[in-house]
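Chemist: So that you have it, the file is work-v8.cif, and it contains mmCIF, C-alpha atoms:
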```cif
data_start
loop_
_atom_site.label_atom_id
_atom_site.label_comp_id
_atom_site.auth_asym_id
_atom_site.auth_seq_id
_atom_site.Cartn_x
_atom_site.Cartn_y
_atom_site.Cartn_z
CA MET B 44 59.11 22.40 88.76
CA PRO B 45 57.61 25.06 91.08
CA ASP B 46 53.86 24.76 91.52
CA TRP B 47 53.21 28.28 90.28
CA ILE B 48 54.88 27.57 86.93
CA ALA B 49 52.83 24.37 86.50
CA VAL B 50 49.66 26.29 87.34
CA ILE B 51 50.43 28.99 84.75
CA ILE B 52 51.15 26.34 82.10
CA LEU B 53 47.83 24.62 82.81
CA GLY B 54 46.06 27.99 82.65
CA ILE B 55 47.65 28.67 79.27
CA VAL B 56 46.64 25.22 77.97
CA GLU B 57 43.05 25.81 79.15
CA GLY B 58 42.93 29.30 77.66
CA VAL B 59 44.21 28.22 74.24
CA THR B 60 42.03 25.12 73.90
CA GLU B 61 38.75 25.98 75.64
CA PHE B 62 36.97 27.47 72.62
CA ILE B 63 38.88 26.28 69.58
CA PRO B 64 37.72 22.81 68.39
CA VAL B 65 40.56 20.69 69.77
CA SER B 66 39.30 19.76 73.29
CA SER B 67 40.54 21.51 76.42
CA THR B 68 39.80 18.42 78.55
CA GLY B 69 42.02 16.24 76.41
CA HIS B 70 44.86 18.73 76.38
CA LEU B 71 44.70 19.20 80.16
CA LEU B 72 44.88 15.42 80.62
CA ILE B 73 47.91 15.31 78.32
CA ALA B 74 49.60 18.21 80.16
CA GLU B 75 49.00 16.54 83.52
CA ARG B 76 51.07 13.56 82.41
CA TRP B 77 54.12 15.75 83.09
CA LEU B 78 52.76 18.40 85.44
CA PRO B 79 51.41 18.06 89.01
CA ARG B 80 47.78 16.99 88.86
CA GLN B 81 45.37 19.65 90.12
CA THR B 82 42.00 19.25 91.80
CA ASP B 83 38.74 19.07 89.88
CA LEU B 84 37.79 22.40 91.46
CA PHE B 85 40.94 24.01 90.03
CA ASN B 86 40.09 22.80 86.52
CA ILE B 87 36.51 24.02 86.84
CA VAL B 88 37.44 27.50 88.09
CA ILE B 89 40.06 28.15 85.40
CA GLN B 90 37.52 27.00 82.80
CA CYS B 91 35.05 29.60 84.10
CA GLY B 92 37.79 32.22 83.91
CA ALA B 93 38.41 31.36 80.27
CA VAL B 94 34.68 31.65 79.53
CA LEU B 95 34.19 35.00 81.27
CA ALA B 96 37.20 36.46 79.47
CA VAL B 97 35.56 36.19 76.06
CA LEU B 98 32.42 38.14 77.00
CA PRO B 99 33.95 41.49 75.88
CA LEU B 100 34.49 40.00 72.41
CA PHE B 101 30.71 39.55 72.10
CA SER B 102 29.74 42.82 73.79
CA LEU B 103 27.88 44.23 70.79
CA ARG B 104 25.97 41.00 70.23
CA CYS B 105 25.12 40.75 73.93
CA GLN B 106 23.91 44.36 74.02
CA GLN B 107 21.69 43.64 71.03
CA LEU B 108 20.20 40.58 72.69
CA ILE B 109 19.67 42.36 76.02
CA PHE B 110 18.40 45.78 74.94
CA ARG B 111 16.57 44.83 71.74
CA TRP B 112 14.93 41.65 72.96
CA ARG B 113 11.47 43.02 72.15
CA GLU B 114 12.36 42.88 68.45
CA ALA B 115 11.58 39.61 66.68
CA GLU B 116 15.07 38.69 65.49
CA PRO B 117 16.99 39.23 68.78
CA ARG B 118 14.16 37.60 70.77
CA ASN B 119 14.19 34.50 68.57
CA PHE B 120 17.96 34.28 68.82
CA VAL B 121 17.78 34.45 72.63
CA LEU B 122 15.07 31.76 72.67
CA LYS B 123 17.27 29.51 70.54
CA ILE B 124 20.18 29.98 72.95
CA ILE B 125 17.85 29.15 75.86
CA ALA B 126 16.56 26.05 74.04
CA ALA B 127 20.08 24.73 73.35
CA PHE B 128 21.11 25.52 76.92
CA GLY B 129 18.00 23.80 78.29
CA ILE B 130 18.60 20.60 76.31
CA THR B 131 22.17 20.44 77.57
CA GLY B 132 21.17 21.31 81.13
CA VAL B 133 18.47 18.64 81.40
CA GLY B 134 20.70 16.03 79.79
CA GLY B 135 23.62 17.00 82.03
CA LEU B 136 21.50 16.62 85.18
CA MET B 137 20.37 13.19 84.01
CA LEU B 138 23.98 12.14 83.45
CA GLU B 139 24.93 13.44 86.89
CA LYS B 140 22.04 11.56 88.48
CA ARG B 141 23.43 8.39 86.90
CA GLN B 142 26.84 9.39 88.33
CA PHE B 143 28.39 9.47 84.87
CA LYS B 144 32.10 10.32 84.92
CA LEU B 145 34.50 10.83 82.04
CA PRO B 146 37.42 8.38 81.90
CA GLU B 147 40.75 9.96 82.78
CA HIS B 148 43.04 7.77 80.67
CA LEU B 149 44.20 8.89 77.25
CA THR B 150 43.11 6.13 74.87
CA PRO B 151 39.49 7.35 74.48
CA VAL B 152 40.83 10.91 74.28
CA ALA B 153 43.04 9.90 71.37
CA TRP B 154 40.21 8.19 69.50
CA ALA B 155 37.87 11.15 70.01
CA LEU B 156 40.50 13.55 68.68
CA LEU B 157 41.19 11.27 65.72
CA VAL B 158 37.55 10.71 64.77
CA GLY B 159 36.71 14.40 65.24
CA GLY B 160 39.61 15.40 63.00
CA ILE B 161 38.50 13.04 60.24
CA LEU B 162 34.94 14.36 60.50
CA PHE B 163 36.13 17.95 60.12
CA LEU B 164 38.01 17.04 56.93
CA LEU B 165 35.04 15.10 55.52
CA VAL B 166 32.54 17.86 56.36
CA GLU B 167 34.74 20.56 54.85
CA ARG B 168 35.00 18.61 51.59
CA TRP B 169 31.25 17.98 51.59
CA LEU B 170 30.62 21.72 52.05
CA ARG B 171 32.61 22.77 48.98
CA GLU B 172 30.44 24.70 46.52
CA LYS B 173 27.41 24.30 48.81
CA PRO B 174 25.43 27.45 49.68
CA LEU B 175 25.58 28.28 53.39
CA ARG B 176 23.32 30.59 55.39
CA GLN B 177 23.79 33.00 58.29
CA GLU B 178 20.46 32.32 60.02
CA VAL B 179 20.44 30.01 63.04
CA THR B 180 17.36 27.82 62.65
CA TRP B 181 15.54 25.94 65.40
CA THR B 182 16.98 22.73 63.99
CA VAL B 183 20.49 24.12 64.48
CA ALA B 184 19.67 25.26 68.02
CA ILE B 185 18.38 21.81 69.01
CA ALA B 186 21.35 20.09 67.33
CA VAL B 187 23.79 22.33 69.20
CA GLY B 188 22.15 21.41 72.52
CA VAL B 189 22.44 17.71 71.64
CA GLY B 190 26.01 18.27 70.42
CA GLN B 191 27.01 19.63 73.80
CA LEU B 192 25.61 16.49 75.42
CA ILE B 193 27.64 14.33 73.04
CA ALA B 194 30.76 16.24 74.07
CA MET B 195 29.91 15.54 77.73
CA ILE B 196 29.69 11.80 77.11
CA PHE B 197 32.70 11.27 74.86
CA PRO B 198 36.01 12.52 76.28
CA SER B 199 37.84 14.95 74.02
CA ALA B 200 35.01 15.12 71.49
CA SER B 201 35.31 18.88 72.16
CA ARG B 202 32.22 20.90 72.95
CA SER B 203 33.03 23.61 70.41
CA GLY B 204 34.17 21.04 67.83
CA THR B 205 30.98 19.00 68.09
CA THR B 206 28.60 21.97 68.03
CA ILE B 207 30.40 23.66 65.14
CA LEU B 208 30.40 20.42 63.16
CA VAL B 209 26.66 19.85 63.52
CA SER B 210 25.99 23.50 62.63
CA LEU B 211 28.10 23.22 59.48
CA ILE B 212 26.36 20.00 58.45
CA LEU B 213 23.01 21.79 58.82
CA GLY B 214 24.16 24.54 56.45
CA LEU B 215 25.35 27.35 58.74
CA THR B 216 28.34 29.46 57.68
CA ARG B 217 31.58 29.03 59.61
CA PRO B 218 31.41 32.46 61.36
CA ALA B 219 27.73 32.00 62.27
CA ALA B 220 28.34 28.44 63.51
CA THR B 221 31.27 29.62 65.61
CA GLU B 222 29.40 32.57 67.11
CA PHE B 223 26.33 30.52 68.07
CA SER B 224 28.48 27.74 69.49
CA PHE B 225 30.36 30.23 71.67
CA LEU B 226 27.26 32.14 72.80
CA VAL B 227 25.50 28.92 73.84
CA SER B 228 28.62 27.71 75.63
CA ILE B 229 28.84 30.77 77.90
CA PRO B 230 25.70 30.12 80.01
CA THR B 231 26.16 26.36 79.68
CA MET B 232 29.70 26.29 81.00
CA LEU B 233 29.17 28.95 83.66
CA ALA B 234 26.10 27.11 84.99
CA ALA B 235 27.91 23.77 85.02
CA GLY B 236 31.00 25.33 86.55
CA GLY B 237 29.01 27.20 89.19
CA TRP B 238 27.13 24.05 90.18
CA LYS B 239 30.31 21.99 90.48
CA ILE B 240 32.03 24.73 92.48
CA PHE B 241 29.05 24.86 94.85
CA LYS B 242 29.12 21.08 95.29
CA SER B 243 32.88 21.05 95.82
CA LEU B 244 32.73 23.74 98.49
CA HIS B 245 29.65 22.48 100.36
CA HIS B 246 29.63 18.72 99.97
CA ALA B 247 33.22 17.62 100.36
CA PRO B 248 33.91 17.30 104.11
CA GLY B 249 37.36 16.14 105.03
CA THR B 250 39.03 17.17 101.80
CA ALA B 251 42.19 19.24 101.80
CA PRO B 252 41.62 23.02 101.58
CA GLU B 253 42.01 24.53 98.13
CA HIS B 254 45.05 26.73 97.46
CA TRP B 255 43.10 29.73 96.21
CA GLY B 256 46.22 31.70 95.36
CA MET B 257 47.20 29.05 92.82
CA VAL B 258 43.62 28.81 91.58
CA SER B 259 43.57 32.58 91.04
CA LEU B 260 46.89 32.47 89.20
CA GLY B 261 45.69 29.71 86.87
CA THR B 262 42.41 31.51 86.29
CA ILE B 263 44.13 34.76 85.32
CA ALA B 264 46.44 32.91 82.93
CA ALA B 265 43.47 31.07 81.36
CA ALA B 266 41.44 34.28 81.03
CA VAL B 267 44.17 36.31 79.36
CA VAL B 268 45.14 33.56 76.92
CA SER B 269 41.49 32.69 76.18
CA PHE B 270 40.73 36.29 75.22
CA VAL B 271 43.66 36.40 72.79
CA ALA B 272 42.95 32.93 71.36
CA VAL B 273 39.25 33.57 70.74
CA LYS B 274 39.91 37.00 69.24
CA TRP B 275 42.30 35.36 66.77
CA PHE B 276 39.92 32.45 66.11
CA LEU B 277 36.95 34.70 65.31
CA ARG B 278 39.05 36.46 62.67
CA TYR B 279 40.43 33.15 61.37
CA VAL B 280 37.04 31.60 60.60
CA GLN B 281 36.05 34.61 58.49
CA SER B 282 38.32 33.45 55.69
CA HIS B 283 39.55 29.91 56.51
CA THR B 284 38.14 26.40 56.71
CA PHE B 285 38.52 24.03 59.67
CA ASP B 286 40.89 21.73 57.75
CA GLY B 287 43.87 22.83 59.84
CA PHE B 288 42.14 21.86 63.07
CA GLY B 289 41.11 18.55 61.54
CA TRP B 290 44.70 17.67 60.65
CA TYR B 291 45.89 18.85 64.08
CA ARG B 292 43.39 16.60 65.87
CA ILE B 293 44.42 13.61 63.73
CA ALA B 294 48.12 14.22 64.42
CA VAL B 295 47.63 14.57 68.20
CA GLY B 296 45.35 11.51 68.32
CA ILE B 297 47.94 9.36 66.53
CA LEU B 298 50.77 10.65 68.75
CA ILE B 299 48.80 9.74 71.87
CA LEU B 300 48.01 6.24 70.58
CA VAL B 301 51.64 5.63 69.67
CA PHE B 302 53.48 7.22 72.61
CA LEU B 303 51.20 8.08 75.54
CA ARG B 304 48.32 5.62 76.03
#
```
If you took the structure in this file and wrote it as structure tokens, what would it be?

Modeler:
Amino acid sequence: MPDWIAVIILGIVEGVTEFIPVSSTGHLLIAERWLPRQTDLFNIVIQCGAVLAVLPLFSLRCQQLIFRWREAEPRNFVLKIIAAFGITGVGGLMLEKRQFKLPEHLTPVAWALLVGGILFLLVERWLREKPLRQEVTWTVAIAVGVGQLIAMIFPSASRSGTTILVSLILGLTRPAATEFSFLVSIPTMLAAGGWKIFKSLHHAPGTAPEHWGMVSLGTIAAAVVSFVAVKWFLRYVQSHTFDGFGWYRIAVGILILVFLR
């Protein structure tokens, strides 16, 4: 298979799975069982492309937070995003200092997908007939920051899946949980991606030069697909539960355990 086709496929996989609660890391590891393995820098850059692509979908919310920050509600919302981001950032630096690295084999990926899927089904059944609220509390903000750390430690736990789950458990509506999860993820993932890109470019003497044409191609593919996927997902959560994603995670986890581990 030509490299450019493999790069586009990986970009599509990243774009589809980055924000929906099924784990982009796990799906990229699965795809790379059959496709040429790319560098860590490639995976980081296409992830940043997927993140930047969704900013237009939150343009009104971002304008509110930027231009009306003197008002109490937007200011508190921004502070909650900063708090969640700060918890994740400090925890992430501590993990990096300990040289923590995610395993790259598929067995823990399968179990994380399976357990996450079961949790989605259990939480959705627990939420039936329960009143949910739109307001993001400080408890939710702190839990989302911790949830992102959990997703860093356990492969394929899914950053969006973990943060949405904890928000639902704490009583947030599905659209509000999804929006806050996504808004927190933008600075978190761009900061992490930017730091790793800097380290890759400045502290890796002797490594082979990156093929930036292929990186750009994968990034464009990830960005375009991410925009479409998130636009669909934001509409989906307005009137649907997360049961479908729970069953999908369970099915993929079982398939990996049976055929791919």

Chemist: Name the residues in contact with B:Leu122 at a cut-off of 12 Å, using all atoms listed in the file, excluding same-chain residues fewer than 3 positions from it; report them as a VMD selection string.

Modeler: chain B and resid 108 112 to 113 115 to 119 125 to 129 179 to 181 184 to 185 227

Chemist: Quick one: apply the PyMOL selection byres ((chain B and resi 161) around 12) to the file and drop the selected residues here as an MDAnalysis selection string.

Modeler: chainID B and resid 154:160 162:168 200 204 208 285:294 296:297

Chemist: Taking all atoms listed in the file into account, name the residue in B:Phe110, B:Phe276, B:Phe120, B:Phe302 that is nearest to B:Thr221.

Modeler: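 Under the stated criterion, the closest residue is B:Phe276.
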
Chemist: Of the residues B:Ile212, B:Val187, B:Leu136, B:Leu277, which is the one nearest to B:Ile124, using only C-alpha atoms?

Modeler: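 Result for the nearest residue to B:Ile124: B:Val187.
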
Chemist: Taking all atoms of stretch 115-132 of chain B that the file lists, what box with edges along x, y and z, padded by 8 Å per side, do you get, with centre and edge lengths in Å to one decimal, as lines of an AutoDock Vina configuration file?

Modeler:
```
center_x = 16.9
center_y = 30.0
center_z = 73.3
size_x = 26.6
size_y = 35.2
size_z = 31.6
```

Chemist: Which polymer residues have any atom within 10 Å of an atom of B:Gln90, counting all atoms listed in the file, with same-chain residues fewer than 2 positions away left out, as a PDB file with C-alpha atoms, in the frame of the given file?

Modeler:
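This went into selection.pdb:
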```pdb
ATOM      1  CA  GLY B  54      46.060  27.990  82.650  1.00  0.00           C
ATOM      2  CA  GLU B  57      43.050  25.810  79.150  1.00  0.00           C
ATOM      3  CA  GLY B  58      42.930  29.300  77.660  1.00  0.00           C
ATOM      4  CA  GLU B  61      38.750  25.980  75.640  1.00  0.00           C
ATOM      5  CA  SER B  67      40.540  21.510  76.420  1.00  0.00           C
ATOM      6  CA  THR B  68      39.800  18.420  78.550  1.00  0.00           C
ATOM      7  CA  LEU B  84      37.790  22.400  91.460  1.00  0.00           C
ATOM      8  CA  PHE B  85      40.940  24.010  90.030  1.00  0.00           C
ATOM      9  CA  ASN B  86      40.090  22.800  86.520  1.00  0.00           C
ATOM     10  CA  ILE B  87      36.510  24.020  86.840  1.00  0.00           C
ATOM     11  CA  VAL B  88      37.440  27.500  88.090  1.00  0.00           C
ATOM     12  CA  GLY B  92      37.790  32.220  83.910  1.00  0.00           C
ATOM     13  CA  ALA B  93      38.410  31.360  80.270  1.00  0.00           C
ATOM     14  CA  VAL B  94      34.680  31.650  79.530  1.00  0.00           C
ATOM     15  CA  LEU B  95      34.190  35.000  81.270  1.00  0.00           C
ATOM     16  CA  MET B 232      29.700  26.290  81.000  1.00  0.00           C
ATOM     17  CA  LEU B 233      29.170  28.950  83.660  1.00  0.00           C
ATOM     18  CA  GLY B 236      31.000  25.330  86.550  1.00  0.00           C
ATOM     19  CA  GLY B 261      45.690  29.710  86.870  1.00  0.00           C
ATOM     20  CA  THR B 262      42.410  31.510  86.290  1.00  0.00           C
ATOM     21  CA  ALA B 265      43.470  31.070  81.360  1.00  0.00           C
ATOM     22  CA  ALA B 266      41.440  34.280  81.030  1.00  0.00           C
ATOM     23  CA  SER B 269      41.490  32.690  76.180  1.00  0.00           C
TER      24      SER B 269
END
```

Chemist: If you measure from atom CA of B:Ser66 to atom CA of B:Ile193, what distance in Å do you get, rounded to one decimal?

Modeler: 12.9 Å

Chemist: For this file, the PyMOL selection byres ((chain B and resi 214) around 8) selects which residues, as a ChimeraX atom specification?

Modeler: /B:174-176,210-213,215-216

Chemist: How about saving the chosen residues, C-alpha atoms kept, as a tab-separated table (two decimals), keeping the file's coordinate frame?

Modeler:
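out-v6.tsv, written as the output of this step:
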```
chain	number	residue	atom	x	y	z
B	174	PRO	CA	25.43	27.45	49.68
B	175	LEU	CA	25.58	28.28	53.39
B	176	ARG	CA	23.32	30.59	55.39
B	210	SER	CA	25.99	23.50	62.63
B	211	LEU	CA	28.10	23.22	59.48
B	212	ILE	CA	26.36	20.00	58.45
B	213	LEU	CA	23.01	21.79	58.82
B	215	LEU	CA	25.35	27.35	58.74
B	216	THR	CA	28.34	29.46	57.68
```

Chemist: Under the rule that only C-alpha atoms are counted, which of B:Met44, B:Met257, B:Ile207, B:Met195 is the nearest residue to B:Thr284?

Modeler: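 Between B:Met44, B:Met257, B:Ile207, B:Met195, the residue approaching B:Thr284 most closely is B:Ile207.
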
Chemist: Between B:Ala234, B:Ile196, B:Val97, B:Ala186, which is the closest to B:Phe143 once you count all atoms listed in the file?

Modeler: B:Ile196

Chemist: Rounded to one decimal, what separation in Å do you get between atom CA of B:Gly134 and atom CA of B:Leu192?

Modeler: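 Atom-to-atom, atom CA of B:Gly134 to atom CA of B:Leu192, that is 6.6 Å.
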
Chemist: Would you compute the distance between atom CA of B:Val268 and atom CA of B:Ile51? Give it in Å to one decimal.

Modeler: 10.5 Å
